[in-house]
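Take a look at the structure below.
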Amino acid sequence: MIKKTSTQYKEVIAACQELFVKKTRDYGTAWRVLRLASITDQIYIKAQRIRSIQEKGQQKVEDSIRDEFVGIVNYSVIALIQMKLGATTNMELTAEEIAPVYHDAVEETFQLHENKNHDYGEAWREMRISSITDIILMKLLRVKQIEDNEGKTLISEGVKANYQDIINYAVFCLIKLNE
């Protein structure tokens, strides 16, 4: 089953990256202007919308829950890219320049997934999408607290690990929605 999950994971990420590259061709890298806290808030809005739709059982805006999870993946990757590139790097990057940076961020996150999936024995497959959504929101609240503390933690993992977990949880939801 773990091999199947790895294949499904890579398929989801490939679809997310394809959309990301296409949007980069359309919009450029305007997102480079965003500070990390703004990216966190953007991801929070998407996760909160998913939870709201789950609780209400209906939606009034057409964007699907699937699209919101893709957005969570891509904005979390944007956060990882921003952390890597910082504010001093050229703001405008081409799709060809940003694609390998995206790939590097998701490859490291995939390796984290592989290790955790091994240790936890695919427990996420027994979880409800609504529970995973709550965990994503919890992770985002943790990130916001760390950001409010100017990145300082006493014992906790930093924002990078939380963004990677958010990516992995959103990918799990996308896999579950595809099954």
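Residue numbering restarts at 1 in every chain; chains get A, B, ... in the order shown in the structure tokens, and ligands count up from 1 in that same order.
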List the neighbours of Tyr27 in chain A out to 12 Å using only C-alpha atoms; skip same-chain residues closer than 6 positions along the sequence, and give me the result as a PDB file with C-alpha atoms, in the first residue's frame.
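Dumped to part-v2.pdb:
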```pdb
ATOM      1  CA  LEU A  19      -1.081  24.419 -12.289  1.00  0.00           C
ATOM      2  CA  PHE A  20       1.590  26.429 -10.441  1.00  0.00           C
ATOM      3  CA  VAL A  21       3.779  26.707 -13.552  1.00  0.00           C
ATOM      4  CA  GLU A  92      10.405  38.326 -10.950  1.00  0.00           C
ATOM      5  CA  LEU A  93      11.332  34.792 -11.926  1.00  0.00           C
ATOM      6  CA  THR A  94      10.268  32.930 -15.037  1.00  0.00           C
ATOM      7  CA  ALA A  95       8.321  29.684 -14.960  1.00  0.00           C
TER       8      ALA A  95
END
```
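Note that the spacing between CA of Ala14 in chain A and CA of Val106 in chain A amounts to 9.8 Å.
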Exercise. Can you list every residue in range 3-174 of chain A that DSSP puts in alpha helix (DSSP H), as number ranges by chain?
Worked result: A: 3-27, 36-56, 65-85, 95-120, 129-148, 159-174
Determine, counting only C-alpha atoms, which protein, DNA and RNA residues have an atom within 10 Å of an atom of Gly86 in chain A; residues of the same chain fewer than 5 positions away are not included. Present the result as a PDB file with N, CA and C atoms, in the first residue's frame.
```
ATOM      1  N   ARG A  32       5.870  36.871  -4.944  1.00  0.00           N
ATOM      2  CA  ARG A  32       7.159  37.128  -4.282  1.00  0.00           C
ATOM      3  C   ARG A  32       7.089  38.348  -3.368  1.00  0.00           C
ATOM      4  N   ARG A  35       4.866  38.654   2.302  1.00  0.00           N
ATOM      5  CA  ARG A  35       5.625  38.249   3.473  1.00  0.00           C
ATOM      6  C   ARG A  35       5.086  36.897   3.947  1.00  0.00           C
ATOM      7  N   LEU A  36       5.870  36.189   4.728  1.00  0.00           N
ATOM      8  CA  LEU A  36       5.485  34.857   5.183  1.00  0.00           C
ATOM      9  C   LEU A  36       4.143  34.876   5.920  1.00  0.00           C
ATOM     10  N   LEU A  80       7.622  27.890   1.460  1.00  0.00           N
ATOM     11  CA  LEU A  80       8.948  27.265   1.511  1.00  0.00           C
ATOM     12  C   LEU A  80       9.923  27.950   0.558  1.00  0.00           C
ATOM     13  N   ILE A  81       9.435  28.325  -0.617  1.00  0.00           N
ATOM     14  CA  ILE A  81      10.289  29.023  -1.592  1.00  0.00           C
ATOM     15  C   ILE A  81      10.700  30.383  -1.052  1.00  0.00           C
ATOM     16  N   MET A  91      12.768  39.560  -7.648  1.00  0.00           N
ATOM     17  CA  MET A  91      11.341  39.327  -7.412  1.00  0.00           C
ATOM     18  C   MET A  91      10.677  38.594  -8.579  1.00  0.00           C
TER      19      MET A  91
END
```
Exercise. Counting only C-alpha atoms, what is within 12 Å of Ile39 in chain A, bar same-chain residues fewer than 3 positions away, as number ranges by chain?
Worked result: A: 31-36, 42-46, 71-83, 140, 143-144, 147, 159, 163
Include N, CA and C atoms and write out the residues we just selected as an mmCIF file, in the first residue's frame.
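Okay, this is what ended up in result_11.cif:
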```
data_model
loop_
_atom_site.group_PDB
_atom_site.id
_atom_site.type_symbol
_atom_site.label_atom_id
_atom_site.label_comp_id
_atom_site.auth_asym_id
_atom_site.auth_seq_id
_atom_site.Cartn_x
_atom_site.Cartn_y
_atom_site.Cartn_z
ATOM 1 N N TRP A 31 3.541 36.803 -6.372
ATOM 2 C CA TRP A 31 3.488 36.330 -4.988
ATOM 3 C C TRP A 31 4.790 36.584 -4.236
ATOM 4 N N ARG A 32 5.870 36.871 -4.944
ATOM 5 C CA ARG A 32 7.159 37.128 -4.282
ATOM 6 C C ARG A 32 7.089 38.348 -3.368
ATOM 7 N N VAL A 33 6.092 39.205 -3.574
ATOM 8 C CA VAL A 33 5.944 40.386 -2.732
ATOM 9 C C VAL A 33 5.377 40.035 -1.352
ATOM 10 N N LEU A 34 4.776 38.858 -1.217
ATOM 11 C CA LEU A 34 4.129 38.466 0.030
ATOM 12 C C LEU A 34 5.137 38.123 1.125
ATOM 13 N N ARG A 35 4.866 38.654 2.302
ATOM 14 C CA ARG A 35 5.625 38.249 3.473
ATOM 15 C C ARG A 35 5.086 36.897 3.947
ATOM 16 N N LEU A 36 5.870 36.189 4.728
ATOM 17 C CA LEU A 36 5.485 34.857 5.183
ATOM 18 C C LEU A 36 4.143 34.876 5.920
ATOM 19 N N GLN A 42 -3.206 33.493 3.841
ATOM 20 C CA GLN A 42 -3.859 33.026 2.613
ATOM 21 C C GLN A 42 -4.200 31.534 2.725
ATOM 22 N N ILE A 43 -3.276 30.755 3.242
ATOM 23 C CA ILE A 43 -3.530 29.320 3.442
ATOM 24 C C ILE A 43 -4.646 29.135 4.463
ATOM 25 N N TYR A 44 -4.618 29.935 5.521
ATOM 26 C CA TYR A 44 -5.654 29.860 6.559
ATOM 27 C C TYR A 44 -7.041 30.118 5.970
ATOM 28 N N ILE A 45 -7.146 31.115 5.113
ATOM 29 C CA ILE A 45 -8.440 31.434 4.477
ATOM 30 C C ILE A 45 -8.947 30.226 3.703
ATOM 31 N N LYS A 46 -8.079 29.583 2.964
ATOM 32 C CA LYS A 46 -8.478 28.413 2.169
ATOM 33 C C LYS A 46 -8.924 27.260 3.066
ATOM 34 N N GLY A 71 -4.701 24.727 -3.726
ATOM 35 C CA GLY A 71 -4.217 26.041 -3.318
ATOM 36 C C GLY A 71 -3.401 25.977 -2.035
ATOM 37 N N ILE A 72 -3.838 25.151 -1.090
ATOM 38 C CA ILE A 72 -3.088 24.987 0.162
ATOM 39 C C ILE A 72 -1.712 24.402 -0.133
ATOM 40 N N VAL A 73 -1.664 23.402 -1.001
ATOM 41 C CA VAL A 73 -0.360 22.830 -1.379
ATOM 42 C C VAL A 73 0.511 23.916 -1.993
ATOM 43 N N ASN A 74 -0.013 24.609 -2.997
ATOM 44 C CA ASN A 74 0.821 25.564 -3.733
ATOM 45 C C ASN A 74 1.225 26.775 -2.897
ATOM 46 N N TYR A 75 0.339 27.284 -2.055
ATOM 47 C CA TYR A 75 0.739 28.397 -1.194
ATOM 48 C C TYR A 75 1.748 27.947 -0.139
ATOM 49 N N SER A 76 1.629 26.710 0.327
ATOM 50 C CA SER A 76 2.623 26.198 1.277
ATOM 51 C C SER A 76 3.981 26.048 0.600
ATOM 52 N N VAL A 77 3.982 25.616 -0.650
ATOM 53 C CA VAL A 77 5.239 25.556 -1.411
ATOM 54 C C VAL A 77 5.789 26.969 -1.597
ATOM 55 N N ILE A 78 4.926 27.911 -1.891
ATOM 56 C CA ILE A 78 5.352 29.316 -2.012
ATOM 57 C C ILE A 78 6.032 29.758 -0.719
ATOM 58 N N ALA A 79 5.466 29.391 0.422
ATOM 59 C CA ALA A 79 6.078 29.756 1.709
ATOM 60 C C ALA A 79 7.476 29.167 1.823
ATOM 61 N N LEU A 80 7.622 27.890 1.460
ATOM 62 C CA LEU A 80 8.948 27.265 1.511
ATOM 63 C C LEU A 80 9.923 27.950 0.558
ATOM 64 N N ILE A 81 9.435 28.325 -0.617
ATOM 65 C CA ILE A 81 10.289 29.023 -1.592
ATOM 66 C C ILE A 81 10.700 30.383 -1.052
ATOM 67 N N GLN A 82 9.754 31.113 -0.478
ATOM 68 C CA GLN A 82 10.070 32.431 0.079
ATOM 69 C C GLN A 82 11.116 32.312 1.192
ATOM 70 N N MET A 83 10.979 31.268 2.022
ATOM 71 C CA MET A 83 11.953 31.068 3.090
ATOM 72 C C MET A 83 13.340 30.809 2.508
ATOM 73 N N LEU A 140 -1.662 25.725 11.054
ATOM 74 C CA LEU A 140 -1.613 27.139 10.660
ATOM 75 C C LEU A 140 -1.650 28.058 11.878
ATOM 76 N N VAL A 143 1.778 28.057 13.255
ATOM 77 C CA VAL A 143 2.661 28.894 12.445
ATOM 78 C C VAL A 143 2.427 30.364 12.775
ATOM 79 N N LYS A 144 1.165 30.750 12.874
ATOM 80 C CA LYS A 144 0.854 32.148 13.193
ATOM 81 C C LYS A 144 1.444 32.546 14.545
ATOM 82 N N GLU A 147 5.149 32.929 14.129
ATOM 83 C CA GLU A 147 5.400 34.199 13.421
ATOM 84 C C GLU A 147 5.231 35.372 14.375
ATOM 85 N N VAL A 159 8.569 26.849 11.532
ATOM 86 C CA VAL A 159 7.518 27.025 10.534
ATOM 87 C C VAL A 159 7.728 26.126 9.319
ATOM 88 N N TYR A 163 4.832 23.900 7.562
ATOM 89 C CA TYR A 163 4.415 24.030 6.157
ATOM 90 C C TYR A 163 4.525 22.690 5.433
#
```
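Using only C-alpha atoms, the protein and nucleic acid residues lying no more than 12 Å from Arg51 in chain A, apart from those fewer than 6 places from it along its own chain, are Tyr44, Ile45, Gly57, Gln58, Gln59, Ile65, Glu68, Phe69, Ile129, Ser130, Ser131, Ile132, Thr133, Asp134, Ile135, Ile136 and Leu137 of chain A.
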For this session: Have a look at A:Lys160, A:His113, A:Arg66, A:Lys139 and name the one nearest to Asn178 in chain A; count only C-alpha atoms.
Result: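 Among the listed residues, A:Arg66 lies closest to Asn178 in chain A.
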Exercise. If we count only C-alpha atoms, what is near Lys10 in chain A at a cut-off of 10 Å, once residues fewer than 6 positions away on the same chain are taken out, given as a list in words?
Worked result: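 Result of the neighbour search: Cys16, Val106, Glu107, Phe110 and Val171 of chain A.
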Expected file contents, prior selection, C-alpha atoms, as a PDB file, in the first residue's frame:
```
ATOM      1  CA  CYS A  16      -0.279  20.929  -8.381  1.00  0.00           C
ATOM      2  CA  VAL A 106       8.257  19.286  -2.804  1.00  0.00           C
ATOM      3  CA  GLU A 107      10.978  16.643  -3.085  1.00  0.00           C
ATOM      4  CA  PHE A 110       7.974  14.039  -0.142  1.00  0.00           C
ATOM      5  CA  VAL A 171      -1.969  15.891  -0.473  1.00  0.00           C
TER       6      VAL A 171
END
```
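The smallest atom-to-atom distance between Leu141 in chain A and any of A:Tyr102, A:Glu11, A:Arg49, A:Ile166, using only C-alpha atoms, is found for A:Ile166.
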For this session: Find, counting only C-alpha atoms, the residue in A:Arg25, A:His103, A:Lys3, A:Lys176 that gets nearest to Met127 in chain A.
Result: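 Smallest distance to Met127 in chain A is found for A:Lys176.
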Residues within 12 Å of Lys116 in chain A, only C-alpha atoms, excluding chain neighbours under 5 positions, as a CSV table (one decimal) with N, CA and C atoms, in the first residue's frame:
```csv
chain,number,residue,atom,x,y,z
A,2,ILE,N,2.0,1.2,0.7
A,2,ILE,CA,2.9,2.4,0.8
A,2,ILE,C,3.4,2.8,-0.6
A,109,THR,N,9.8,17.6,0.9
A,109,THR,CA,8.6,17.4,1.6
A,109,THR,C,8.1,15.9,1.4
A,110,PHE,N,8.3,15.4,0.2
A,110,PHE,CA,8.0,14.0,-0.1
A,110,PHE,C,8.8,13.1,0.7
A,111,GLN,N,10.1,13.4,0.9
A,111,GLN,CA,10.9,12.5,1.7
A,111,GLN,C,10.4,12.4,3.1
A,121,GLY,N,2.4,4.0,9.5
A,121,GLY,CA,1.6,2.9,8.9
A,121,GLY,C,0.4,3.4,8.1
A,122,GLU,N,0.5,4.5,7.5
A,122,GLU,CA,-0.6,5.0,6.7
A,122,GLU,C,-1.9,5.3,7.5
A,123,ALA,N,-1.7,5.7,8.7
A,123,ALA,CA,-2.9,6.0,9.6
A,123,ALA,C,-3.8,7.0,9.0
A,124,TRP,N,-3.3,7.9,8.1
A,124,TRP,CA,-4.1,9.0,7.5
A,124,TRP,C,-5.2,8.4,6.7
A,164,GLN,N,5.6,21.9,5.7
A,164,GLN,CA,5.7,20.6,5.1
A,164,GLN,C,4.6,19.7,5.5
A,165,ASP,N,4.3,19.7,6.8
A,165,ASP,CA,3.2,18.9,7.3
A,165,ASP,C,1.8,19.3,6.6
A,168,ASN,N,1.7,17.9,3.2
A,168,ASN,CA,1.5,16.4,3.2
A,168,ASN,C,0.0,16.1,3.6
A,169,TYR,N,-0.6,16.8,4.5
A,169,TYR,CA,-2.0,16.6,4.9
A,169,TYR,C,-2.9,17.0,3.7
```
